[in-house]
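Text of work03.tsv (TSV, C-alpha atoms and all ligand atoms) as supplied:
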chain	number	residue	atom	x	y	z
L	995	MET	CA	135.02	117.34	90.07
L	996	GLN	CA	137.73	119.69	88.82
L	997	GLU	CA	137.06	121.52	85.55
L	998	PHE	CA	139.41	120.80	82.66
L	999	PHE	CA	139.31	122.72	79.41
L	1000	ILE	CA	140.35	120.55	76.51
L	1001	LEU	CA	138.51	121.35	73.31
L	1002	ILE	CA	137.68	118.21	71.42
L	1003	ILE	CA	135.51	118.10	68.33
L	1004	PHE	CA	133.64	114.80	68.08
L	1005	LYS	CA	132.71	114.80	64.38
L	1006	ASN	CA	131.57	111.67	62.55
L	1007	MET	CA	132.99	109.35	65.15
L	1008	HIS	CA	132.24	105.65	65.06
L	1009	VAL	CA	132.63	103.80	68.37
L	1010	ASP	CA	131.75	100.44	69.85
L	1011	TYR	CA	130.14	102.01	72.89
L	1012	ILE	CA	128.76	105.22	74.36
L	1013	ILE	CA	128.72	105.24	78.18
L	1014	VAL	CA	126.43	107.73	79.91
L	1015	GLY	CA	127.73	108.75	83.35
L	1016	LEU	CA	131.17	108.63	84.94
L	1017	GLY	CA	130.61	107.61	88.55
L	1018	LEU	CA	131.87	104.30	89.92
L	1019	ALA	CA	129.61	102.36	87.54
L	1020	GLY	CA	130.67	104.30	84.42
L	1021	MET	CA	134.34	104.09	85.35
L	1022	ALA	CA	134.13	100.32	85.96
L	1023	PHE	CA	132.46	99.74	82.58
L	1024	SER	CA	134.91	102.08	80.81
L	1025	GLU	CA	137.72	100.00	82.24
L	1026	GLU	CA	136.18	96.76	80.97
L	1027	LEU	CA	136.08	98.33	77.50
L	1028	ARG	CA	139.59	99.77	77.67
L	1029	ARG	CA	141.04	96.50	78.94
L	1030	ASN	CA	139.29	94.65	76.06
L	1031	ASN	CA	140.40	97.13	73.38
L	1032	LYS	CA	136.91	98.43	72.58
L	1033	SER	CA	136.42	102.00	71.36
L	1034	PHE	CA	134.15	104.20	73.48
L	1035	LEU	CA	133.08	107.70	74.46
L	1036	VAL	CA	131.77	108.75	77.87
L	1037	PHE	CA	129.23	111.51	78.57
L	1038	GLU	CA	129.32	113.16	82.01
L	1039	ASP	CA	127.27	116.20	83.02
L	1040	LYS	CA	127.90	116.48	86.80
L	1041	SER	CA	124.21	116.13	87.58
L	1042	GLN	CA	124.92	113.52	90.31
L	1043	ASN	CA	127.79	113.18	92.76
L	1044	SER	CA	127.25	110.05	94.84
L	1045	SER	CA	130.58	108.52	93.80
L	1046	LEU	CA	132.44	111.76	94.52
L	1047	VAL	CA	131.20	112.23	98.08
L	1048	ALA	CA	131.21	108.52	99.06
L	1049	GLY	CA	133.20	107.38	102.06
L	1050	GLY	CA	134.71	104.82	99.71
L	1051	MET	CA	134.85	102.05	102.33
L	1052	TYR	CA	134.63	98.38	101.44
L	1053	ASN	CA	133.69	95.86	104.08
L	1054	PRO	CA	131.88	92.53	103.64
L	1055	VAL	CA	130.24	92.48	107.10
L	1056	ILE	CA	126.93	94.18	107.93
L	1057	LEU	CA	127.82	95.90	111.17
L	1058	LYS	CA	124.31	96.15	112.55
L	1059	ARG	CA	123.69	92.41	112.71
L	1060	PHE	CA	127.17	90.92	112.10
L	1061	THR	CA	126.04	89.07	108.99
L	1062	ALA	CA	127.72	88.73	105.59
L	1063	VAL	CA	127.06	91.27	102.84
L	1064	TRP	CA	125.56	89.61	99.74
L	1065	ASN	CA	128.53	88.24	97.73
L	1066	GLY	CA	130.76	90.72	99.58
L	1067	ALA	CA	133.95	88.68	99.88
L	1068	ILE	CA	133.75	87.58	96.21
L	1069	GLN	CA	133.24	91.19	95.10
L	1070	ILE	CA	136.25	92.37	97.10
L	1071	ASP	CA	138.41	89.73	95.42
L	1072	VAL	CA	137.50	91.27	92.06
L	1073	ALA	CA	137.59	94.89	93.23
L	1074	LEU	CA	141.08	95.02	94.74
L	1075	PRO	CA	142.95	93.95	91.57
L	1076	PHE	CA	140.64	96.28	89.59
L	1077	TYR	CA	141.69	99.33	91.66
L	1078	ASN	CA	145.29	98.15	91.68
L	1079	ILE	CA	145.37	98.30	87.86
L	1080	LEU	CA	143.98	101.84	88.03
L	1081	GLU	CA	146.71	102.82	90.49
L	1082	LYS	CA	149.29	101.62	87.99
L	1083	LEU	CA	147.54	103.27	85.04
L	1084	LEU	CA	147.21	106.65	86.74
L	1085	ASN	CA	150.38	106.34	88.80
L	1086	LYS	CA	148.80	107.27	92.14
L	1087	GLU	CA	147.64	105.59	95.34
L	1088	TYR	CA	143.86	105.36	95.81
L	1089	HIS	CA	143.51	102.26	97.99
L	1090	TYR	CA	144.17	102.42	101.73
L	1091	ASN	CA	143.89	99.55	104.20
L	1092	VAL	CA	141.61	100.77	106.99
L	1093	PRO	CA	140.61	98.41	109.83
L	1094	ILE	CA	137.13	98.95	111.29
L	1095	TYR	CA	136.47	99.07	115.05
L	1096	ARG	CA	132.82	98.43	115.86
L	1097	VAL	CA	131.89	99.99	119.21
L	1098	PHE	CA	129.84	97.50	121.26
L	1099	LYS	CA	126.71	98.80	122.97
L	1100	SER	CA	126.21	95.85	125.32
L	1101	ILE	CA	127.48	92.47	126.55
L	1102	GLU	CA	124.90	90.88	124.27
L	1103	GLU	CA	126.56	92.49	121.25
L	1104	GLN	CA	129.93	91.15	122.37
L	1105	ASN	CA	128.43	87.65	122.49
L	1106	ASN	CA	126.84	88.05	119.04
L	1107	TRP	CA	130.23	89.11	117.71
L	1108	PHE	CA	131.87	85.88	118.89
L	1109	VAL	CA	129.08	83.80	117.33
L	1110	ALA	CA	129.52	85.62	113.99
L	1111	CYS	CA	133.31	85.17	114.07
L	1112	ASP	CA	132.80	81.43	113.63
L	1113	LYS	CA	130.87	81.79	110.37
L	1114	PRO	CA	133.03	80.58	107.45
L	1115	LEU	CA	132.35	83.65	105.27
L	1116	LEU	CA	133.28	86.11	108.02
L	1117	LYS	CA	136.33	84.44	109.58
L	1118	LYS	CA	138.76	86.20	107.25
L	1119	TYR	CA	137.48	89.59	108.39
L	1120	MET	CA	136.37	89.39	112.05
L	1121	ILE	CA	138.84	89.13	114.92
L	1122	PRO	CA	137.40	86.90	117.70
L	1123	GLU	CA	138.31	89.17	120.63
L	1124	VAL	CA	136.92	92.17	122.47
L	1125	ASN	CA	139.38	95.06	122.38
L	1126	HIS	CA	139.07	96.92	125.73
L	1127	TYR	CA	141.77	99.50	125.07
L	1128	LYS	CA	140.70	103.06	125.98
L	1129	TYR	CA	141.56	105.20	122.96
L	1130	LYS	CA	141.76	108.92	123.69
L	1131	GLY	CA	138.57	110.68	122.62
L	1132	ILE	CA	136.44	107.61	121.77
L	1133	ILE	CA	133.44	106.86	123.94
L	1134	SER	CA	133.21	103.09	124.53
L	1135	ASP	CA	131.87	101.27	127.61
L	1136	PHE	CA	131.87	97.75	126.19
L	1137	GLY	CA	134.97	97.76	124.00
L	1138	PHE	CA	135.35	97.15	120.28
L	1139	GLY	CA	135.09	94.31	117.77
L	1140	GLU	CA	137.82	94.62	115.13
L	1141	LEU	CA	137.55	93.94	111.42
L	1142	LYS	CA	140.64	93.36	109.32
L	1143	ASN	CA	141.16	93.17	105.52
L	1144	THR	CA	138.83	96.15	105.04
L	1145	GLY	CA	139.73	99.46	103.44
L	1146	ARG	CA	138.92	102.58	101.54
L	1147	ILE	CA	139.17	103.82	97.97
L	1148	ASP	CA	139.66	107.56	97.57
L	1149	THR	CA	136.88	107.74	95.00
L	1150	LYS	CA	137.00	111.49	94.49
L	1151	THR	CA	140.69	111.63	93.59
L	1152	LEU	CA	140.39	108.47	91.50
L	1153	LEU	CA	137.40	109.70	89.48
L	1154	ASN	CA	138.96	113.11	89.05
L	1155	ASP	CA	142.17	111.55	87.69
L	1156	TYR	CA	140.26	109.06	85.55
L	1157	GLN	CA	138.24	111.90	84.07
L	1158	TYR	CA	141.44	113.67	83.13
L	1159	PHE	CA	142.85	110.47	81.65
L	1160	LEU	CA	139.77	110.08	79.41
L	1161	LEU	CA	139.97	113.74	78.39
L	1162	GLU	CA	143.55	113.26	77.32
L	1163	GLN	CA	142.50	110.17	75.37
L	1164	GLN	CA	139.72	112.27	73.77
L	1165	GLN	CA	137.09	109.90	75.17
L	1166	LEU	CA	135.14	112.19	77.49
L	1167	ILE	CA	132.36	114.58	76.51
L	1168	GLN	CA	131.51	116.91	79.37
L	1169	GLU	CA	127.87	117.51	78.62
L	1170	GLN	CA	124.46	116.05	79.28
L	1171	PHE	CA	123.39	113.09	77.19
L	1172	GLU	CA	119.94	114.04	75.89
L	1173	HIS	CA	117.96	110.83	75.46
L	1174	ALA	CA	115.45	112.53	73.15
L	1175	LYS	CA	118.19	113.20	70.60
L	1176	LEU	CA	119.09	109.54	70.22
L	1177	ASN	CA	118.34	108.18	66.77
L	1178	ILE	CA	117.80	104.42	66.89
L	1179	LYS	CA	118.87	102.68	63.66
L	1180	LYS	CA	118.65	99.00	62.82
L	1181	ASP	CA	122.26	98.12	63.69
L	1182	CYS	CA	123.52	101.18	65.54
L	1183	PHE	CA	122.66	104.40	67.33
L	1184	GLU	CA	123.22	107.92	66.05
L	1185	TYR	CA	123.70	110.62	68.61
L	1186	LYS	CA	124.56	114.04	67.20
L	1187	ASP	CA	127.75	113.34	65.19
L	1188	ILE	CA	128.52	110.03	66.85
L	1189	VAL	CA	127.62	106.56	65.66
L	1190	SER	CA	127.78	103.82	68.28
L	1191	LYS	CA	127.06	100.10	68.23
L	1192	LYS	CA	125.94	99.96	71.87
L	1193	ILE	CA	125.07	102.32	74.73
L	1194	VAL	CA	125.42	101.61	78.43
L	1195	PHE	CA	123.63	103.91	80.87
L	1196	CYS	CA	125.47	104.38	84.19
L	1197	GLU	CA	123.52	107.39	85.41
L	1198	GLY	CA	123.03	106.66	89.10
L	1199	PHE	CA	119.93	108.46	90.32
L	1200	GLY	CA	119.89	110.17	86.88
L	1201	LEU	CA	118.10	106.98	85.78
L	1202	LYS	CA	114.85	108.71	86.67
L	1203	LYS	CA	115.23	110.89	83.54
L	1204	ASN	CA	116.05	107.99	81.24
L	1205	PRO	CA	112.97	107.11	79.15
L	1206	PHE	CA	114.35	103.65	78.30
L	1207	PHE	CA	114.83	102.40	81.84
L	1208	ASN	CA	112.99	104.73	84.23
L	1209	THR	CA	110.30	102.20	85.09
L	1210	LEU	CA	112.86	100.20	87.09
L	1211	PRO	CA	112.15	100.56	90.83
L	1212	MET	CA	114.92	102.85	92.03
L	1213	GLN	CA	114.60	104.38	95.49
L	1214	GLU	CA	116.69	107.43	96.15
L	1215	VAL	CA	118.54	107.26	99.47
L	1216	LYS	CA	120.19	110.57	100.11
L	1217	GLY	CA	123.29	110.57	102.29
L	1218	GLU	CA	125.09	113.44	104.01
L	1219	LEU	CA	128.60	113.48	105.44
L	1220	LEU	CA	130.76	115.91	107.40
L	1221	VAL	CA	134.50	116.35	107.10
L	1222	ILE	CA	135.99	117.33	110.47
L	1223	LYS	CA	139.41	118.25	111.76
L	1224	ALA	CA	140.10	116.65	115.16
L	1225	PRO	CA	143.81	117.02	116.03
L	1226	GLU	CA	143.49	115.14	119.34
L	1227	LEU	CA	141.84	112.08	117.79
L	1228	LYS	CA	144.91	110.15	116.74
L	1229	ILE	CA	143.40	107.05	115.11
L	1230	ASP	CA	144.17	105.19	111.91
L	1231	PHE	CA	141.08	102.95	111.97
L	1232	LEU	CA	137.41	103.63	111.23
L	1233	ILE	CA	135.12	103.81	114.26
L	1234	LYS	CA	131.65	102.44	113.65
L	1235	ALA	CA	129.09	103.51	116.23
L	1236	ALA	CA	126.05	105.82	115.85
L	1237	VAL	CA	128.01	107.26	112.90
L	1238	SER	CA	131.23	106.17	111.21
L	1239	VAL	CA	134.36	108.24	111.78
L	1240	MET	CA	136.84	107.49	109.03
L	1241	PRO	CA	140.45	108.75	109.03
L	1242	LEU	CA	141.54	110.71	105.94
L	1243	GLY	CA	145.01	111.62	107.23
L	1244	ASN	CA	146.46	114.90	108.62
L	1245	ASP	CA	143.83	114.97	111.43
L	1246	PHE	CA	140.89	115.01	108.99
L	1247	TYR	CA	138.00	112.54	109.32
L	1248	LYS	CA	134.85	111.82	107.32
L	1249	VAL	CA	131.77	111.46	109.51
L	1250	GLY	CA	128.59	109.85	108.26
L	1251	ALA	CA	126.36	109.07	106.87
L	1252	THR	CA	122.66	109.93	107.04
L	1253	PHE	CA	119.93	107.97	105.26
L	1254	ASN	CA	117.03	110.03	103.92
L	1255	TRP	CA	114.40	108.37	101.70
L	1256	LYS	CA	112.37	111.55	101.03
L	1257	ASP	CA	114.74	114.31	99.95
L	1258	LYS	CA	115.62	113.97	96.24
L	1259	THR	CA	118.04	116.92	96.11
L	1260	LYS	CA	121.80	116.51	96.34
L	1261	ASN	CA	122.31	119.60	98.52
L	1262	PRO	CA	123.59	119.36	102.10
L	1263	THR	CA	120.89	120.36	104.65
L	1264	LEU	CA	120.87	121.87	108.14
L	1265	GLU	CA	118.78	118.91	109.30
L	1266	GLY	CA	121.43	116.46	108.05
L	1267	LYS	CA	124.21	118.41	109.71
L	1268	GLU	CA	122.41	118.55	113.05
L	1269	GLU	CA	121.77	114.81	112.97
L	1270	LEU	CA	125.42	114.08	112.24
L	1271	VAL	CA	126.70	116.46	114.94
L	1272	GLU	CA	124.37	114.98	117.57
L	1273	LYS	CA	125.48	111.44	116.75
L	1274	LEU	CA	129.15	112.39	116.49
L	1275	ASN	CA	129.00	113.89	119.98
L	1276	SER	CA	127.92	110.48	121.29
L	1277	VAL	CA	130.93	108.81	119.62
L	1278	ILE	CA	133.91	111.11	120.30
L	1279	SER	CA	134.75	113.37	123.22
L	1280	VAL	CA	137.59	115.51	121.79
L	1281	PRO	CA	137.20	118.96	120.19
L	1282	TYR	CA	136.67	119.13	116.43
L	1283	GLU	CA	136.02	121.66	113.71
L	1284	ILE	CA	133.63	121.01	110.79
L	1285	VAL	CA	135.49	121.83	107.57
L	1286	ASP	CA	133.09	120.46	104.94
L	1287	HIS	CA	129.56	119.13	104.53
L	1288	LEU	CA	128.75	116.86	101.56
L	1289	ALA	CA	125.68	115.12	100.18
L	1290	GLY	CA	124.73	112.74	97.39
L	1291	ILE	CA	122.01	110.30	96.37
L	1292	ARG	CA	122.71	106.56	96.57
L	1293	PRO	CA	121.01	104.79	93.65
L	1294	THR	CA	119.26	102.00	95.53
L	1295	ILE	CA	116.88	99.29	94.31
L	1296	LYS	CA	113.99	98.08	96.41
L	1297	ASP	CA	115.37	94.50	96.69
L	1298	ARG	CA	118.87	95.86	97.53
L	1299	ARG	CA	120.46	94.22	94.49
L	1300	PRO	CA	122.11	96.07	91.59
L	1301	LEU	CA	120.75	96.47	88.07
L	1302	ALA	CA	122.32	95.13	84.90
L	1303	GLY	CA	120.91	94.10	81.58
L	1304	LYS	CA	119.59	94.95	78.14
L	1305	HIS	CA	116.51	96.92	77.15
L	1306	GLN	CA	113.63	94.59	76.28
L	1307	GLU	CA	113.15	96.02	72.78
L	1308	PHE	CA	116.48	97.68	71.90
L	1309	LYS	CA	118.97	94.95	72.78
L	1310	ASN	CA	122.04	97.15	72.32
L	1311	LEU	CA	120.90	99.60	74.99
L	1312	ALA	CA	122.02	98.45	78.42
L	1313	ILE	CA	122.07	99.59	82.03
L	1314	LEU	CA	124.56	99.34	84.92
L	1315	ASN	CA	123.11	100.88	88.06
L	1316	GLY	CA	121.62	100.26	91.51
L	1317	LEU	CA	124.97	100.09	93.33
L	1318	GLY	CA	123.22	101.32	96.49
L	1319	THR	CA	125.43	101.76	99.54
L	1320	ARG	CA	128.31	99.62	98.25
L	1321	GLY	CA	129.43	100.93	94.87
L	1322	VAL	CA	133.15	100.48	95.57
L	1323	MET	CA	132.76	96.73	96.04
L	1324	ILE	CA	130.05	95.91	93.51
L	1325	ALA	CA	130.94	98.07	90.48
L	1326	PRO	CA	133.94	96.06	89.17
L	1327	THR	CA	132.14	92.68	89.40
L	1328	LEU	CA	128.93	93.98	87.88
L	1329	ALA	CA	130.77	95.73	85.02
L	1330	LYS	CA	132.58	92.49	84.20
L	1331	GLN	CA	129.34	90.52	84.23
L	1332	LEU	CA	127.57	93.04	82.01
L	1333	TYR	CA	130.49	93.14	79.58
L	1334	ASN	CA	130.49	89.34	79.26
L	1335	HIS	CA	126.74	89.41	78.81
L	1336	LEU	CA	126.88	92.01	76.01
L	1337	GLU	CA	129.98	90.75	74.23
L	1338	ASN	CA	130.08	87.01	74.91
L	1339	GLY	CA	126.42	86.19	75.46
L	1340	GLU	CA	126.99	85.02	79.04
L	1341	LEU	CA	123.82	84.90	81.12
L	1342	LEU	CA	123.44	87.45	83.88
L	1343	ASN	CA	122.74	86.18	87.35
L	1344	GLU	CA	118.98	86.36	88.07
L	1345	GLU	CA	119.64	88.44	91.18
L	1346	VAL	CA	121.24	91.32	89.26
L	1347	SER	CA	119.43	91.11	85.95
L	1348	ILE	CA	116.75	93.71	85.23
L	1349	THR	CA	114.57	90.90	83.87
L	1350	ARG	CA	113.60	90.18	87.48
L	1351	PHE	CA	111.32	93.21	87.26
L	1352	SER	CA	109.67	92.32	83.96
L	1353	LYS	CA	108.34	88.94	85.08
L	1354	ALA	CA	104.71	88.57	86.07
M	1401	LIG	C1	127.04	109.93	101.67
M	1401	LIG	C2	127.38	108.70	100.93
M	1401	LIG	C3	128.34	107.83	101.44
M	1401	LIG	C4	128.65	106.65	100.74
M	1401	LIG	N1	129.65	105.85	101.24
M	1401	LIG	C5	130.00	104.74	100.54
M	1401	LIG	C6	131.06	103.92	101.00
M	1401	LIG	O1	131.71	104.19	102.01
M	1401	LIG	N2	131.38	102.82	100.27
M	1401	LIG	C7	130.70	102.50	99.10
M	1401	LIG	O2	131.03	101.49	98.47
M	1401	LIG	N3	129.68	103.26	98.65
M	1401	LIG	C8	129.32	104.36	99.35
M	1401	LIG	N4	128.29	105.14	98.91
M	1401	LIG	C9	127.50	104.66	97.76
M	1401	LIG	C10	128.20	104.93	96.43
M	1401	LIG	O3	128.53	106.27	96.41
M	1401	LIG	C11	127.28	104.54	95.28
M	1401	LIG	O4	127.01	103.16	95.32
M	1401	LIG	C12	127.94	104.85	93.93
M	1401	LIG	O5	128.53	106.10	93.96
M	1401	LIG	C13	126.97	104.81	92.79
M	1401	LIG	O6	127.73	105.02	91.62
M	1401	LIG	P1	127.06	105.28	90.22
M	1401	LIG	O7	128.15	105.45	89.24
M	1401	LIG	O8	126.02	104.26	89.95
M	1401	LIG	O9	126.23	106.64	90.42
M	1401	LIG	P2	126.75	108.15	90.48
M	1401	LIG	O10	127.93	108.30	91.32
M	1401	LIG	O11	125.55	108.97	90.83
M	1401	LIG	O12	127.21	108.44	89.00
M	1401	LIG	C14	126.31	108.64	87.95
M	1401	LIG	C15	126.94	109.65	87.01
M	1401	LIG	O13	126.14	109.82	85.85
M	1401	LIG	C16	126.10	111.20	85.50
M	1401	LIG	N5	124.91	111.39	84.70
M	1401	LIG	C17	123.62	111.09	85.04
M	1401	LIG	N6	122.78	111.37	84.01
M	1401	LIG	C18	123.55	111.85	82.99
M	1401	LIG	C19	123.26	112.30	81.66
M	1401	LIG	N7	122.02	112.30	81.16
M	1401	LIG	N8	124.30	112.74	80.89
M	1401	LIG	C20	125.58	112.72	81.36
M	1401	LIG	N9	125.89	112.30	82.62
M	1401	LIG	C21	124.89	111.86	83.41
M	1401	LIG	C22	126.10	111.89	86.86
M	1401	LIG	O14	126.54	113.23	86.78
M	1401	LIG	C23	127.05	111.02	87.67
M	1401	LIG	O15	128.39	111.45	87.59
M	1401	LIG	C24	127.97	106.34	99.53
M	1401	LIG	C25	127.04	107.23	99.02
M	1401	LIG	C26	126.74	108.40	99.70
M	1401	LIG	C27	125.74	109.35	99.10

Using structure tokens, write down the structure from this file.
Ligand SMILES: Cc1cc2nc3c(=O)[nH]c(=O)nc-3n(C[C@H](O)[C@H](O)[C@H](O)COP(=O)(O)OP(=O)(O)OC[C@H]3O[C@@H](n4cnc5c(N)ncnc54)[C@H](O)[C@@H]3O)c2cc1C
Amino acid sequence: MQEFFILIIFKNMHVDYIIVGLGLAGMAFSEELRRNNKSFLVFEDKSQNSSLVAGGMYNPVILKRFTAVWNGAIQIDVALPFYNILEKLLNKEYHYNVPIYRVFKSIEEQNNWFVACDKPLLKKYMIPEVNHYKYKGIISDFGFGELKNTGRIDTKTLLNDYQYFLLEQQQLIQEQFEHAKLNIKKDCFEYKDIVSKKIVFCEGFGLKKNPFFNTLPMQEVKGELLVIKAPELKIDFLIKAAVSVMPLGNDFYKVGATFNWKDKTKNPTLEGKEELVEKLNSVISVPYEIVDHLAGIRPTIKDRRPLAGKHQEFKNLAILNGLGTRGVMIAPTLAKQLYNHLENGELLNEEVSITRFSKA
């Protein structure tokens, strides 16, 4: 994220909320608060960067098995207006329609595609045809299955702009939130010179350092991506094969991603790069130049559902996390649900509530 130097002194401030972390989760919850006229401050220390490196794609179809993503279509219906409001607020385009072309590996996959196209949840997204067109530079022996109504959010530009917006509003503190310095009072929390009624932790993989919630079963899934320049690959759709090749415009493409369950660092590795290059060479046959190599840790929960809810003892401490591989789609819905839970007493769905891990 770009560095901005605005000196703000936060002395004796009283707010409704402190939010810890400004990735997709923190931004979605900040927006719920802003849109409901609540006062808040956000802490961000740049310790994680999953939301900044993300491909930013949204797509409600699992492209391995041609099945529906859990609540995917419903989440997209909430997410698109959410990002549209941000485009208006920040006066920039962040949302791009990007069709997805799934490269078929066999006749059997073509048949499975047609079967899936008939499923009510997937009809809106899957085109019931095999596209046999030979696109220059794409290796495909069995053609493509096309997805429509899918797209990409430019998460890096959006978060960068949103950060600047909060700085201008004097709502962003660019430092680490130190959990040990939190003073828990009967009706509020004191943190340094700030008094807050509630705190929502949106720390991504930073959850591991949070003494209030770090027993929740988060599995780190590191992902690496390459940015390439391939002037001869003239496509405006995402290719999904051994890796995804996603157009960024001006001949640049994002290639990824890897899945590594062991490495807990956010640094790009030679191993990750070699894996991506090997797979990319099986997908495209035109020359390319690697211009960037990125990595981040996806905050993933063992049951592949997100995390929302209140601390068992301190009811005004809450968490919004576990967005896994689909933060773009899930974050707006989950933020809305958590807000309604905290402010209006609405029950959280069992599948997302952290109480699912406290039951015997
Ligand atoms: C390679 C890769 C590709 C991906 N592609 C896609 C994709 O195409 N589509 C999609 O939907 N999702 C994708 N994802 C997943 C997506 O990035 C995540 O679901 C999402 O970013 C998680 O957002 P988050 O806000 O929960 O976590 P994060 O983005 O990790 O944000 C947490 C924030 O909290 C801050 N923080 C943590 N602790 C503290 C503290 N104590 N004090 C202050 N700040 C703190 C961190 O610095 C960070 O900014 C991808 C992820 C990776 C790694």

message = Using only C-alpha atoms and all ligand atoms, which residues have at least one atom no more than 7 Å from ligand LIG 1401 (chain M)? Output them as number ranges by chain.
response = L: 1014-1020, 1037-1052, 1169-1172, 1196-1201, 1216-1219, 1250-1252, 1289-1293, 1315-1323

Just-selected residues, C-alpha atoms written as a CSV table (one decimal), keeping the file's coordinate frame:
chain,number,residue,atom,x,y,z
L,1014,VAL,CA,126.4,107.7,79.9
L,1015,GLY,CA,127.7,108.8,83.4
L,1016,LEU,CA,131.2,108.6,84.9
L,1017,GLY,CA,130.6,107.6,88.6
L,1018,LEU,CA,131.9,104.3,89.9
L,1019,ALA,CA,129.6,102.4,87.5
L,1020,GLY,CA,130.7,104.3,84.4
L,1037,PHE,CA,129.2,111.5,78.6
L,1038,GLU,CA,129.3,113.2,82.0
L,1039,ASP,CA,127.3,116.2,83.0
L,1040,LYS,CA,127.9,116.5,86.8
L,1041,SER,CA,124.2,116.1,87.6
L,1042,GLN,CA,124.9,113.5,90.3
L,1043,ASN,CA,127.8,113.2,92.8
L,1044,SER,CA,127.2,110.0,94.8
L,1045,SER,CA,130.6,108.5,93.8
L,1046,LEU,CA,132.4,111.8,94.5
L,1047,VAL,CA,131.2,112.2,98.1
L,1048,ALA,CA,131.2,108.5,99.1
L,1049,GLY,CA,133.2,107.4,102.1
L,1050,GLY,CA,134.7,104.8,99.7
L,1051,MET,CA,134.8,102.0,102.3
L,1052,TYR,CA,134.6,98.4,101.4
L,1169,GLU,CA,127.9,117.5,78.6
L,1170,GLN,CA,124.5,116.0,79.3
L,1171,PHE,CA,123.4,113.1,77.2
L,1172,GLU,CA,119.9,114.0,75.9
L,1196,CYS,CA,125.5,104.4,84.2
L,1197,GLU,CA,123.5,107.4,85.4
L,1198,GLY,CA,123.0,106.7,89.1
L,1199,PHE,CA,119.9,108.5,90.3
L,1200,GLY,CA,119.9,110.2,86.9
L,1201,LEU,CA,118.1,107.0,85.8
L,1216,LYS,CA,120.2,110.6,100.1
L,1217,GLY,CA,123.3,110.6,102.3
L,1218,GLU,CA,125.1,113.4,104.0
L,1219,LEU,CA,128.6,113.5,105.4
L,1250,GLY,CA,128.6,109.8,108.3
L,1251,ALA,CA,126.4,109.1,106.9
L,1252,THR,CA,122.7,109.9,107.0
L,1289,ALA,CA,125.7,115.1,100.2
L,1290,GLY,CA,124.7,112.7,97.4
L,1291,ILE,CA,122.0,110.3,96.4
L,1292,ARG,CA,122.7,106.6,96.6
L,1293,PRO,CA,121.0,104.8,93.6
L,1315,ASN,CA,123.1,100.9,88.1
L,1316,GLY,CA,121.6,100.3,91.5
L,1317,LEU,CA,125.0,100.1,93.3
L,1318,GLY,CA,123.2,101.3,96.5
L,1319,THR,CA,125.4,101.8,99.5
L,1320,ARG,CA,128.3,99.6,98.2
L,1321,GLY,CA,129.4,100.9,94.9
L,1322,VAL,CA,133.2,100.5,95.6
L,1323,MET,CA,132.8,96.7,96.0

task = Mind giving me the straight-line distance from CA of Gln1213 in chain L to CA of Asp1155 in chain L in Å, one decimal?
result =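 According to the coordinates, CA of Gln1213 in chain L and CA of Asp1155 in chain L are separated by 29.5 Å.
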
inquiry  = List the spatial neighbours of Ile1233 in chain L as a list in words - criterion: any atom at most 8 Å away, all atoms listed in the file, same-chain residues fewer than 6 positions off excluded.
reply    = Ile1094, Tyr1095, Arg1096, Val1097, Val1239 and Met1240 of chain L

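Among L:Tyr1282, L:Phe1351, L:Tyr1127, L:Tyr1156, the residue with the shortest atom-to-atom distance to Leu1210 in chain L, counting only C-alpha atoms, is L:Phe1351.
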
ask   = In Å, how far is it from CA of Leu1342 in chain L to CA of Phe1076 in chain L?
value = 20.2 Å

request  = Tell me, in Å to one decimal, how far CA of Lys1186 in chain L is from CA of Asn1334 in chain L.
outcome  =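 Separation of CA of Lys1186 in chain L and CA of Asn1334 in chain L: 28.1 Å.
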
task = Rank L:Asp1187, L:Leu1035, L:Gly1339, L:Arg1146 by their smallest atom-to-atom distance to Lys1248 in chain L, using all atoms listed in the file, and report the top residue only.
result =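 With all atoms listed in the file as the atom set, the closest residue is L:Arg1146.
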
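The residue set within 6 Å of Gly1303 in chain L, counting only C-alpha atoms and dropping same-chain residues fewer than 3 places from it, reads Ala1312, Ile1313, Ser1347 and Ile1348 of chain L.
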
message = Report as JSON, numbers by chain all protein, DNA and RNA residues lying within 10 Å of Phe1231 in chain L, evaluated on only C-alpha atoms, omitting residues in the same chain fewer than 3 positions from it.
response = {"L": [1091, 1092, 1093, 1094, 1095, 1140, 1141, 1142, 1144, 1145, 1228, 1234, 1239, 1240, 1241, 1242]}

request  = Taking the point (117.4, 106.5, 70.6) as given in the file, collect each protein or nucleic acid residue that comes within 12 Å of it, counting only C-alpha atoms, and present the set as number ranges by chain.
outcome  = L: 1171-1186, 1189-1193, 1204-1206, 1305, 1307-1311

ask   = Between L:Leu1084, L:Leu1264, L:Met1212, L:Val1009, which one has atoms that come closest to Asn1154 in chain L, using all atoms listed in the file?
value = L:Leu1084
